[in-house]
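Participant: My structure file run-v1.txt, compact mmCIF, C-alpha atoms, is below:
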# COMPACT_ATOMS: atom_id res chain seq x y z
CA MET A 226 -92.33 -161.74 -14.12
CA PRO A 227 -91.66 -163.99 -17.14
CA GLU A 228 -93.19 -161.27 -19.35
CA ARG A 229 -89.94 -159.32 -19.41
CA TYR A 230 -88.23 -162.34 -20.98
CA LEU A 231 -91.12 -163.05 -23.36
CA ASP A 232 -90.79 -159.49 -24.62
CA LEU A 233 -87.22 -160.33 -25.72
CA ILE A 234 -88.38 -163.04 -28.14
CA THR A 235 -87.36 -162.03 -31.65
CA SER A 236 -89.94 -161.24 -34.30
CA GLN A 237 -89.59 -164.51 -36.21
CA HIS A 238 -90.66 -166.50 -33.10
CA ARG A 239 -93.09 -164.06 -31.51
CA GLN A 240 -96.13 -165.50 -33.29
CA ARG A 241 -95.33 -169.06 -32.22
CA PRO A 242 -97.28 -169.79 -29.02
CA ARG A 243 -95.58 -173.10 -28.29
CA PHE A 244 -92.16 -171.46 -28.47
CA ALA A 245 -93.33 -168.72 -26.09
CA ALA A 246 -94.80 -171.35 -23.75
CA ALA A 247 -91.48 -173.23 -23.71
CA VAL A 248 -89.57 -170.04 -22.86
CA GLU A 249 -92.07 -169.22 -20.10
CA ALA A 250 -91.77 -172.73 -18.63
CA LEU A 251 -88.00 -172.34 -18.49
CA VAL A 252 -87.80 -168.84 -16.99
CA LYS A 253 -90.79 -168.88 -14.60
CA PRO A 254 -89.03 -170.94 -11.88
CA LEU A 255 -86.05 -168.59 -12.07
CA CYS A 256 -88.34 -165.56 -11.77
CA ASP A 257 -90.11 -167.12 -8.79
CA LEU A 258 -86.76 -167.78 -7.12
CA GLU A 259 -85.66 -164.19 -7.74
CA ALA A 260 -88.90 -162.88 -6.20
CA LEU A 261 -88.41 -165.14 -3.18
CA LEU A 262 -84.89 -163.85 -2.62
CA GLN A 263 -86.16 -160.27 -2.86
CA ASP A 264 -88.87 -161.04 -0.29
CA MET A 265 -86.31 -162.63 2.04
CA ARG A 266 -84.17 -159.52 1.97
CA HIS A 267 -87.22 -157.48 2.94
CA ALA A 268 -88.37 -159.99 5.56
CA PHE A 269 -85.03 -159.99 7.39
CA ASP A 270 -84.22 -156.29 7.12
CA VAL A 271 -84.08 -154.69 10.59
CA ASP A 272 -86.34 -151.87 9.38
CA THR A 273 -89.09 -154.12 8.03
CA ALA A 274 -88.77 -157.51 9.75
CA VAL A 275 -91.51 -158.50 12.20
CA GLY A 276 -92.08 -161.32 14.68
CA VAL A 277 -89.85 -164.35 14.25
CA GLN A 278 -88.01 -162.69 11.36
CA LEU A 279 -86.97 -159.88 13.71
CA ASP A 280 -85.94 -162.52 16.25
CA ALA A 281 -83.68 -164.03 13.59
CA VAL A 282 -82.08 -160.63 13.04
CA GLY A 283 -81.55 -160.40 16.80
CA VAL A 284 -79.71 -163.74 16.86
CA ARG A 285 -77.20 -162.42 14.35
CA VAL A 286 -76.89 -159.04 16.04
CA GLY A 287 -76.48 -160.60 19.49
CA ARG A 288 -79.54 -159.22 21.31
CA SER A 289 -82.66 -161.14 22.32
CA ARG A 290 -86.07 -159.53 22.70
CA ASN A 291 -86.45 -161.29 26.07
CA VAL A 292 -85.41 -159.57 29.29
CA ARG A 293 -84.58 -161.27 32.58
CA ALA A 294 -85.68 -158.49 34.91
CA PRO A 295 -89.31 -157.48 34.13
CA LEU A 296 -89.72 -153.89 32.94
CA ASP A 297 -92.13 -152.47 35.51
CA ASP A 298 -94.47 -149.48 35.17
CA VAL A 299 -94.76 -149.74 31.39
CA TYR A 300 -98.33 -150.96 30.82
CA PHE A 301 -100.97 -148.49 29.67
CA SER A 302 -102.90 -147.09 32.62
CA TRP A 303 -105.56 -144.44 33.08
CA ASN A 304 -104.66 -141.35 35.11
CA VAL A 305 -101.02 -142.38 35.55
CA ASP A 306 -98.49 -139.82 34.37
CA GLY A 307 -96.29 -141.25 31.62
CA LEU A 308 -98.48 -144.30 30.96
CA GLY A 309 -101.37 -142.75 29.04
CA TRP A 310 -102.07 -142.69 25.30
CA GLY A 311 -98.90 -143.10 23.24
CA GLN A 312 -96.80 -143.66 26.37
CA GLY A 313 -97.67 -146.97 28.04
CA ILE A 314 -97.81 -150.19 26.04
CA TRP A 315 -100.77 -152.56 25.93
CA ARG A 316 -100.50 -155.63 28.10
CA GLY A 317 -100.64 -158.75 25.95
CA ARG A 318 -102.85 -161.72 26.67
CA TYR A 319 -99.95 -163.77 28.05
CA ASP A 320 -97.86 -160.97 29.56
CA PRO A 321 -97.21 -161.27 33.31
CA GLU A 322 -98.65 -158.72 35.71
CA THR A 323 -95.18 -157.87 37.05
CA GLY A 324 -94.03 -156.27 33.81
CA VAL A 325 -92.80 -156.82 30.28
CA VAL A 326 -90.43 -159.74 29.74
CA SER A 327 -90.60 -159.83 25.92
CA LEU A 328 -90.23 -156.61 23.96
CA PRO A 329 -92.76 -155.63 21.27
CA ASP A 330 -91.44 -155.28 17.73
CA ASP A 331 -91.16 -151.49 17.64
CA VAL A 332 -89.12 -151.31 20.86
CA TYR A 333 -87.05 -154.36 19.97
CA ARG A 334 -86.23 -152.78 16.60
CA THR A 335 -84.82 -149.68 18.29
CA LEU A 336 -82.80 -151.87 20.66
CA LEU A 337 -81.38 -153.85 17.73
CA LYS A 338 -80.38 -150.69 15.89
CA ALA A 339 -78.55 -149.47 18.98
CA LYS A 340 -76.79 -152.84 19.34
CA ILE A 341 -75.83 -152.87 15.65
CA ALA A 342 -74.34 -149.42 16.06
CA ALA A 343 -72.53 -150.41 19.27
CA ASN A 344 -71.02 -153.46 17.55
CA SER A 345 -69.15 -151.18 15.14
CA TRP A 346 -68.61 -148.15 17.41
CA ASP A 347 -65.09 -146.76 17.76
CA GLY A 348 -65.78 -145.44 21.29
CA THR A 349 -65.51 -141.72 20.45
CA ILE A 350 -68.04 -139.04 21.39
CA PRO A 351 -68.59 -137.83 17.78
CA SER A 352 -69.47 -141.37 16.71
CA ALA A 353 -71.69 -141.73 19.78
CA TYR A 354 -73.82 -138.82 18.57
CA GLU A 355 -74.33 -140.51 15.22
CA ILE A 356 -75.21 -143.82 16.86
CA TRP A 357 -77.68 -142.39 19.38
CA ALA A 358 -79.28 -140.30 16.66
CA ALA A 359 -79.74 -143.37 14.46
CA ALA A 360 -81.20 -145.38 17.34
CA PHE A 361 -83.69 -142.74 18.47
CA SER A 362 -84.50 -140.95 15.22
CA VAL A 363 -87.80 -142.85 14.90
CA GLU A 364 -88.98 -141.45 18.23
CA GLY A 365 -88.00 -137.94 17.13
CA SER A 366 -85.59 -137.47 20.03
CA VAL A 367 -82.46 -135.34 20.01
CA VAL A 368 -79.48 -136.66 21.97
CA PHE A 369 -76.62 -134.71 23.54
CA ILE A 370 -73.71 -135.92 25.66
CA GLU A 371 -71.81 -134.15 28.43
CA ASP A 372 -68.41 -135.49 29.41
CA SER A 373 -67.98 -134.91 33.15
CA GLY A 374 -64.22 -135.37 32.90
CA ASP A 375 -64.11 -138.03 35.64
CA MET A 376 -64.80 -141.19 33.59
CA SER A 377 -68.51 -140.49 33.67
CA MET A 378 -70.95 -138.92 31.25
CA ILE A 379 -74.44 -137.45 31.23
CA VAL A 380 -76.77 -138.24 28.34
CA GLY A 381 -79.61 -135.86 27.55
CA ILE A 382 -82.56 -136.87 25.37
CA SER A 383 -84.78 -133.98 24.38
CA ALA A 384 -87.29 -132.88 21.71
CA MET A 385 -89.82 -135.68 22.38
CA PRO A 386 -90.81 -137.49 25.60
CA MET A 387 -89.65 -141.09 25.68
CA SER A 388 -92.07 -143.94 26.11
CA ALA A 389 -92.20 -145.65 29.49
CA ILE A 390 -90.67 -148.84 28.13
CA MET A 391 -87.73 -147.00 26.53
CA GLN A 392 -87.07 -145.25 29.84
CA GLN A 393 -86.93 -148.63 31.55
CA LEU A 394 -84.47 -149.90 28.95
CA LEU A 395 -82.25 -146.92 29.68
CA LEU A 396 -82.47 -147.50 33.44
CA GLN A 397 -81.46 -151.14 33.09
CA GLN A 398 -78.68 -150.26 30.63
CA TYR A 399 -79.87 -152.33 27.72
CA ILE A 400 -78.56 -149.70 25.32
CA PRO A 401 -74.77 -150.14 25.45
CA LEU A 402 -73.61 -146.85 23.96
CA LYS A 403 -70.82 -145.69 26.24
CA PRO A 404 -67.03 -146.13 26.14
CA ALA A 405 -65.55 -149.02 28.14
CA GLY A 406 -64.83 -147.98 31.72
CA VAL A 407 -67.06 -144.90 31.54
CA GLU A 408 -70.25 -144.75 33.59
CA VAL A 409 -73.45 -142.97 32.65
CA GLU A 410 -74.09 -140.74 35.67
CA PHE A 411 -77.70 -140.20 34.67
CA PHE A 412 -80.03 -139.68 31.73
CA ALA A 413 -81.90 -136.39 31.43
CA VAL A 414 -85.02 -137.11 29.37
CA ALA A 415 -87.72 -134.76 28.15
CA VAL A 416 -91.14 -134.84 29.77
CA SER A 417 -92.69 -132.57 27.13
CA PRO A 418 -91.93 -131.80 23.46
CA GLY A 419 -89.14 -129.32 22.84
CA PRO A 420 -85.63 -128.63 24.15
CA LEU A 421 -84.48 -129.13 27.74
CA PHE A 422 -83.78 -126.17 29.99
CA ALA A 423 -80.17 -125.01 30.24
CA TRP A 424 -78.39 -121.75 31.05
CA ASN A 425 -77.03 -119.70 28.14
CA CYS A 426 -77.93 -122.30 25.51
CA GLU A 427 -80.08 -122.00 22.43
CA SER A 428 -80.15 -125.08 20.23
CA GLU A 429 -82.40 -127.87 19.05
CA ALA A 430 -81.61 -129.79 22.25
CA LEU A 431 -81.25 -127.03 24.88
CA ALA A 432 -82.90 -123.67 25.52
CA GLY A 433 -83.31 -121.09 28.29
CA TRP A 434 -86.24 -119.55 30.21
CA GLY A 435 -89.56 -119.70 28.43
CA SER A 436 -88.36 -122.23 25.87
CA GLY A 437 -86.63 -125.09 27.66
CA SER A 438 -88.47 -127.54 29.92
CA TRP A 439 -87.31 -129.41 33.02
CA ALA A 440 -85.91 -132.89 32.45
CA LYS A 441 -86.68 -136.15 34.19
CA LYS A 442 -83.58 -137.66 35.78
CA LEU A 443 -83.04 -141.38 35.26
CA ILE A 444 -80.19 -142.99 37.21
CA PRO A 445 -79.09 -146.31 35.63
CA ILE A 446 -79.41 -149.43 37.74
CA GLU A 447 -75.97 -150.68 38.79
CA GLY A 448 -74.97 -153.87 37.04
CA GLY A 449 -77.60 -153.42 34.34
CA ASP A 450 -77.89 -154.92 30.86
CA TYR A 451 -79.88 -157.99 31.83
CA ALA A 452 -80.80 -159.02 28.30
CA THR A 453 -80.60 -162.72 27.58
Show how you would write the structure in this file as structure tokens.
Facilitator:
Amino acid sequence: MPERYLDLITSQHRQRPRFAAAVEALVKPLCDLEALLQDMRHAFDVDTAVGVQLDAVGVRVGRSRNVRAPLDDVYFSWNVDGLGWGQGIWRGRYDPETGVVSLPDDVYRTLLKAKIAANSWDGTIPSAYEIWAAAFSVEGSVVFIEDSGDMSMIVGISAMPMSAIMQQLLLQQYIPLKPAGVEVEFFAVAVSPGPLFAWNCESEALAGWGSGSWAKKLIPIEGGDYAT
């Protein structure tokens, strides 16, 4: 964009092409460098980075896209509940039959956002709501937390059904949003759009008869978080 500098040339030099050419030769490398720096900021932003750029973000965040334990039951399949259109992921050319071992960009991005939030979390429930909401806002989910009062908690995820691969990440505890020493008893996730069923509740996340739907119960695998 040297033009913005050429437009600043004063009137007595504006009709001198060699002067304008000299100014352009001087400022063009600086403009190119500025454009490159702008592109780098976009390329390594967690919201817009893809492929190896997103991997580079993961190195700095502290979370790899690779998983040690394969995520089973996540590939798209016909006539399998939870693995149809918009639920299962396509099996890549080099993906193993046993399950996903390298997360696709969209899922990895959500995982990175959760990890970024966890890195600066103060361990309180109010902050946990903000963090979970930020991590799952793209999927359109609504998160609520119930403190069981015995060093355990229940996490509900309503409004939109979760993809099969996100459910597996929850089961294997890749999303580290819980206070130290507190266990997640189970996750209650929506199987259909809308709030989950609950007695005497009317909110975006919970509703009663005729409005709320039954949840799917996911019990985390003990000793989870197998990310490399």
Participant: Near Trp357 of chain A, within 10 Å and counting only C-alpha atoms, which residues show up once chain neighbours fewer than 6 positions away are dropped, as a VMD selection string?
Facilitator: chain A and resid 338 to 339 342 to 343 366 to 370 380 382 400 402
Participant: Which is closer to Val326 of chain A than all the others in A:Ile390, A:Pro445, A:Ala358, A:Asn291, using all atoms listed in the file?
Facilitator: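 Ranking A:Ile390, A:Pro445, A:Ala358, A:Asn291 by distance to Val326 of chain A, first place goes to A:Asn291.
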Participant: Could you check which residues have any atom within 10 Å of (-75.5, -138.4, 27.7), counting all atoms listed in the file with coordinates taken straight from the file, and then list them as a list in words?
Facilitator: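 Using all atoms listed in the file, the matching residues come out as Ile350, Ala353, Tyr354, Trp357, Val368, Phe369, Ile370, Glu371, Asp372, Ser373, Ser377, Met378, Ile379, Val380, Gly381, Ile382, Leu402, Lys403, Val409, Glu410, Phe411, Phe412, Ala413 and Val414 of chain A.
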Participant: Any idea what the distance is between atom CA of Leu396 of chain A and atom CA of Ala281 of chain A?
Facilitator: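 So the two atoms, atom CA of Leu396 of chain A and atom CA of Ala281 of chain A, lie 25.9 Å apart.
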Participant: Tell me, in Å to one decimal, how far atom CA of Lys442 of chain A is from atom CA of Trp424 of chain A.
Facilitator: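 Result for atom CA of Lys442 of chain A versus atom CA of Trp424 of chain A: 17.4 Å, one decimal.
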Participant: What separation in Å, quoted to one decimal, exists between atom CA of Gln398 of chain A and atom CA of Ile446 of chain A?
Facilitator: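 Separation of atom CA of Gln398 of chain A and atom CA of Ile446 of chain A: 7.2 Å.
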Participant: Closest to Val252 of chain A among A:Gly287, A:Pro227, A:Gly437, A:Pro329, using all atoms listed in the file?
Facilitator: A:Pro227
Participant: Kindly complete segment 329-347 of chain A to N, CA, C and O atoms; the output should be written as a short mmCIF file (atom, residue, chain, number, x, y, z; two decimals), in the frame of the given file.
Facilitator:
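See out.cif below for the written result:
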data_model
loop_
_atom_site.label_atom_id
_atom_site.label_comp_id
_atom_site.auth_asym_id
_atom_site.auth_seq_id
_atom_site.Cartn_x
_atom_site.Cartn_y
_atom_site.Cartn_z
N PRO A 329 -92.00 -155.71 22.52
CA PRO A 329 -92.76 -155.63 21.27
C PRO A 329 -91.84 -155.23 20.12
O PRO A 329 -90.74 -154.71 20.33
N ASP A 330 -92.30 -155.48 18.90
CA ASP A 330 -91.44 -155.28 17.73
C ASP A 330 -90.85 -153.89 17.63
O ASP A 330 -89.67 -153.73 17.32
N ASP A 331 -91.66 -152.85 17.85
CA ASP A 331 -91.16 -151.49 17.64
C ASP A 331 -90.02 -151.16 18.61
O ASP A 331 -89.02 -150.55 18.23
N VAL A 332 -90.17 -151.57 19.87
CA VAL A 332 -89.12 -151.31 20.86
C VAL A 332 -87.90 -152.18 20.58
O VAL A 332 -86.76 -151.72 20.66
N TYR A 333 -88.14 -153.43 20.25
CA TYR A 333 -87.05 -154.36 19.97
C TYR A 333 -86.25 -153.88 18.76
O TYR A 333 -85.01 -154.00 18.73
N ARG A 334 -86.92 -153.29 17.78
CA ARG A 334 -86.23 -152.78 16.60
C ARG A 334 -85.25 -151.67 16.97
O ARG A 334 -84.11 -151.63 16.50
N THR A 335 -85.69 -150.75 17.84
CA THR A 335 -84.82 -149.68 18.29
C THR A 335 -83.62 -150.25 19.05
O THR A 335 -82.48 -149.80 18.87
N LEU A 336 -83.87 -151.24 19.89
CA LEU A 336 -82.80 -151.87 20.66
C LEU A 336 -81.79 -152.54 19.72
O LEU A 336 -80.57 -152.45 19.94
N LEU A 337 -82.28 -153.20 18.68
CA LEU A 337 -81.38 -153.85 17.73
C LEU A 337 -80.54 -152.83 16.98
O LEU A 337 -79.34 -153.04 16.75
N LYS A 338 -81.14 -151.71 16.60
CA LYS A 338 -80.38 -150.69 15.89
C LYS A 338 -79.26 -150.13 16.78
O LYS A 338 -78.15 -149.88 16.31
N ALA A 339 -79.57 -149.95 18.06
CA ALA A 339 -78.55 -149.47 18.98
C ALA A 339 -77.43 -150.50 19.13
O ALA A 339 -76.24 -150.15 19.18
N LYS A 340 -77.79 -151.77 19.21
CA LYS A 340 -76.79 -152.84 19.34
C LYS A 340 -75.95 -152.95 18.08
O LYS A 340 -74.72 -153.15 18.16
N ILE A 341 -76.58 -152.83 16.91
CA ILE A 341 -75.83 -152.87 15.65
C ILE A 341 -74.81 -151.75 15.62
O ILE A 341 -73.65 -151.94 15.24
N ALA A 342 -75.25 -150.56 16.04
CA ALA A 342 -74.34 -149.42 16.06
C ALA A 342 -73.21 -149.65 17.06
O ALA A 342 -72.04 -149.35 16.79
N ALA A 343 -73.55 -150.18 18.24
CA ALA A 343 -72.53 -150.41 19.27
C ALA A 343 -71.51 -151.44 18.81
O ALA A 343 -70.32 -151.36 19.18
N ASN A 344 -71.94 -152.42 18.02
CA ASN A 344 -71.02 -153.46 17.55
C ASN A 344 -69.91 -152.90 16.68
O ASN A 344 -68.84 -153.50 16.57
N SER A 345 -70.16 -151.76 16.03
CA SER A 345 -69.15 -151.18 15.14
C SER A 345 -68.66 -149.82 15.63
O SER A 345 -67.99 -149.09 14.89
N TRP A 346 -68.96 -149.46 16.86
CA TRP A 346 -68.61 -148.15 17.41
C TRP A 346 -67.12 -148.09 17.73
O TRP A 346 -66.54 -149.05 18.25
N ASP A 347 -66.51 -146.93 17.46
CA ASP A 347 -65.09 -146.76 17.76
C ASP A 347 -64.85 -146.16 19.15
O ASP A 347 -63.71 -145.90 19.53
#
